[in-house]
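S.K.: Sending over a structure as structure tokens; questions will come in a sec.
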Amino acid sequence: MNEIPDTLNYMIAGYILFGAGILGYITSLVVRWKKIIRQKNEQLCHNSIARHQQ
Amino acid sequence: MQITIPKKYIILDVFAAICILVSFILVMFFTPIEMTMGYVQKIFYFHVAHAWIGMLSFIVAAAASFMYLIRKNSVYDLIAESAVEIGLYFTIIAVISGSIWAKPAWNTWWTWDPRLTTTTIMAFIYAGYQFLRQSLDNPDKKGRILALYCIIGCISVPLTFFSIRGYRSIHPVLIGNTSQGMGMTPPMILMMIISIFSFTVLYLALMQHRFLYAKIKEETEAEKYEMEYEDE
């Protein structure tokens with residue numbers, strides 16, 4: 001009877017890559033989201049001050 | 001005024017997370033172990049799903065680019081931008097995971113097989129798209145050039161898909177193969193379908209966030225430009 005080859009390490013490496021890949025992309029999106037929202041809010045604040053001054 | 005993520009977005013996010021988690025559990029504990037490759041064959045379920053998302057994204061980007069050229073609506077350009085970014089990311093992961101699978105299966109990390117070569121070319125084409133987007137300034141000109149680039153670049157998608165059918169290749173043929181194949185049993189085929197479905201849901205969830213981000217970014221940059229123009 002043929003023995004099943006031991007390739008468990010490669011499978012683990014593959015799934016670490018998938019997990020890190022998905023989490024990495026989500027993290028990058030969250031960081032960019034936070035940055036743009038901060039910029040947008042600052043801009044809204046700046047606009048309202050400018051309107052008051054007018 | 002505060003910008004918040006709409007609730008319907010969060011519902012899809014939760015559904016996508018559940019789908020991926022269920023897929024992972026099913027792959028790990030319920031799919032059979034392939035006799036000739038062993039555990040590493042289980043990479044295939046997520047590897048194929050990643051490659052599918054890559055190709056789907058580039059088709060979506062090409063369709064959105066085509067619509068942009070017809071309607072001149074920047075929304076389509078933003079859809080293309082989002083789809084290319086996600087597609088490129090998933091394609092790169094598919095290439096690396098394929099390499100991890102190839103080492104025990106083919107006894108090499110890399111070979112210039114038609115499928116591997118065309119997938120790499122496809123990734124470079126869309127990396128080029130990203131560089132081009134960063135380097136162009138004029139919004140209208142930028143939109144038109146990128147749309148054309150994206151439509152022409154989309155030729156690489158069918159080329160990649162059919163590369164293992166038209167040429168001699170050692171890459172396994174999974175879809176539409178009736179002769180040789182991977183010897184996939186019905187539970188393996190079912191798992192492959194579940195994985196592809198789960199990643200499609202994840203793709204939709206990521207797309208909605210990436211598109212909203214691109215939209216807010218565009219608005220913010222336009223307002224910033226207006227403010228600078230008024231100041232001058």
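Labels for the structure tokens follow display order: chains A, B, ..., residues from 1 in each chain, ligands from 1.
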Report as a VMD selection string all protein, DNA and RNA residues lying within 12 Å of Tyr15 (chain A), evaluated on only C-alpha atoms, omitting residues in the same chain fewer than 3 positions from it.
M.R.: (chain A and resid 8 to 12 18 to 22) or (chain B and resid 24 to 25 27 to 28 39 to 47 93 to 94 96 to 98 100 to 101)
S.K.: May I have the residues within 12 Å of region 135-150 of chain B as a PyMOL selection string, using only C-alpha atoms and disregarding those fewer than 4 positions away in the same chain?
M.R.: chain B and resi 57-81+83-84+122+125-131+154-157+218+221-222
S.K.: Using only C-alpha atoms, tabulate the residues of chain A lying at most 9 Å from any atom of chain B, each with its closest atom pair and that distance in Å to one decimal, by chain and increasing residue number, as JSON lines.
M.R.:
```
{"residue": "A:Asn2", "atom": "CA", "partner": "B:Met35", "partner_atom": "CA", "distance": 8.2}
{"residue": "A:Glu3", "atom": "CA", "partner": "B:Met35", "partner_atom": "CA", "distance": 7.9}
{"residue": "A:Ile4", "atom": "CA", "partner": "B:Met35", "partner_atom": "CA", "distance": 5.4}
{"residue": "A:Pro5", "atom": "CA", "partner": "B:Gly38", "partner_atom": "CA", "distance": 5.3}
{"residue": "A:Asp6", "atom": "CA", "partner": "B:Gly38", "partner_atom": "CA", "distance": 6.3}
{"residue": "A:Thr7", "atom": "CA", "partner": "B:Val40", "partner_atom": "CA", "distance": 5.4}
{"residue": "A:Leu8", "atom": "CA", "partner": "B:Tyr39", "partner_atom": "CA", "distance": 5.2}
{"residue": "A:Asn9", "atom": "CA", "partner": "B:Val40", "partner_atom": "CA", "distance": 8.0}
{"residue": "A:Tyr10", "atom": "CA", "partner": "B:Val40", "partner_atom": "CA", "distance": 5.8}
{"residue": "A:Met11", "atom": "CA", "partner": "B:Val40", "partner_atom": "CA", "distance": 4.5}
{"residue": "A:Ile12", "atom": "CA", "partner": "B:Val40", "partner_atom": "CA", "distance": 8.2}
{"residue": "A:Ala13", "atom": "CA", "partner": "B:Ile100", "partner_atom": "CA", "distance": 7.5}
{"residue": "A:Gly14", "atom": "CA", "partner": "B:Ser97", "partner_atom": "CA", "distance": 5.6}
{"residue": "A:Tyr15", "atom": "CA", "partner": "B:Ile43", "partner_atom": "CA", "distance": 7.0}
{"residue": "A:Leu17", "atom": "CA", "partner": "B:Ser97", "partner_atom": "CA", "distance": 7.2}
{"residue": "A:Phe18", "atom": "CA", "partner": "B:Ile93", "partner_atom": "CA", "distance": 7.2}
{"residue": "A:Gly21", "atom": "CA", "partner": "B:Ile93", "partner_atom": "CA", "distance": 6.9}
{"residue": "A:Ile22", "atom": "CA", "partner": "B:Phe90", "partner_atom": "CA", "distance": 8.7}
{"residue": "A:Tyr25", "atom": "CA", "partner": "B:Tyr89", "partner_atom": "CA", "distance": 8.0}
{"residue": "A:Ile26", "atom": "CA", "partner": "B:Leu206", "partner_atom": "CA", "distance": 8.0}
{"residue": "A:Leu29", "atom": "CA", "partner": "B:Arg210", "partner_atom": "CA", "distance": 7.2}
{"residue": "A:Arg32", "atom": "CA", "partner": "B:Tyr213", "partner_atom": "CA", "distance": 7.9}
{"residue": "A:Trp33", "atom": "CA", "partner": "B:Tyr213", "partner_atom": "CA", "distance": 6.2}
{"residue": "A:Ile36", "atom": "CA", "partner": "B:Lys217", "partner_atom": "CA", "distance": 6.4}
{"residue": "A:Ile37", "atom": "CA", "partner": "B:Ile3", "partner_atom": "CA", "distance": 6.7}
{"residue": "A:Gln39", "atom": "CA", "partner": "B:Thr220", "partner_atom": "CA", "distance": 7.5}
{"residue": "A:Lys40", "atom": "CA", "partner": "B:Thr220", "partner_atom": "CA", "distance": 5.9}
{"residue": "A:Asn41", "atom": "CA", "partner": "B:Gln2", "partner_atom": "CA", "distance": 7.0}
{"residue": "A:Gln43", "atom": "CA", "partner": "B:Lys224", "partner_atom": "CA", "distance": 7.6}
{"residue": "A:Leu44", "atom": "CA", "partner": "B:Met1", "partner_atom": "CA", "distance": 7.7}
{"residue": "A:Asn47", "atom": "CA", "partner": "B:Met227", "partner_atom": "CA", "distance": 8.7}
```
S.K.: For Phe161 (chain B), which residue out of B:Leu56, B:Met184, B:Ala205, B:Ile194 is the nearest one, using only C-alpha atoms?
M.R.: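 With only C-alpha atoms as the atom set, the closest residue is B:Leu56.
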S.K.: To one decimal place, how far is CA of Glu228 (chain B) from CA of Cys45 (chain A) in Å?
M.R.: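 So the two atoms, CA of Glu228 (chain B) and CA of Cys45 (chain A), lie 15.5 Å apart.
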S.K.: Could you jot down the CA of Phe30 (chain B) to CA of Ala16 (chain B) separation for me, Å, one decimal place?
M.R.: 20.1 Å
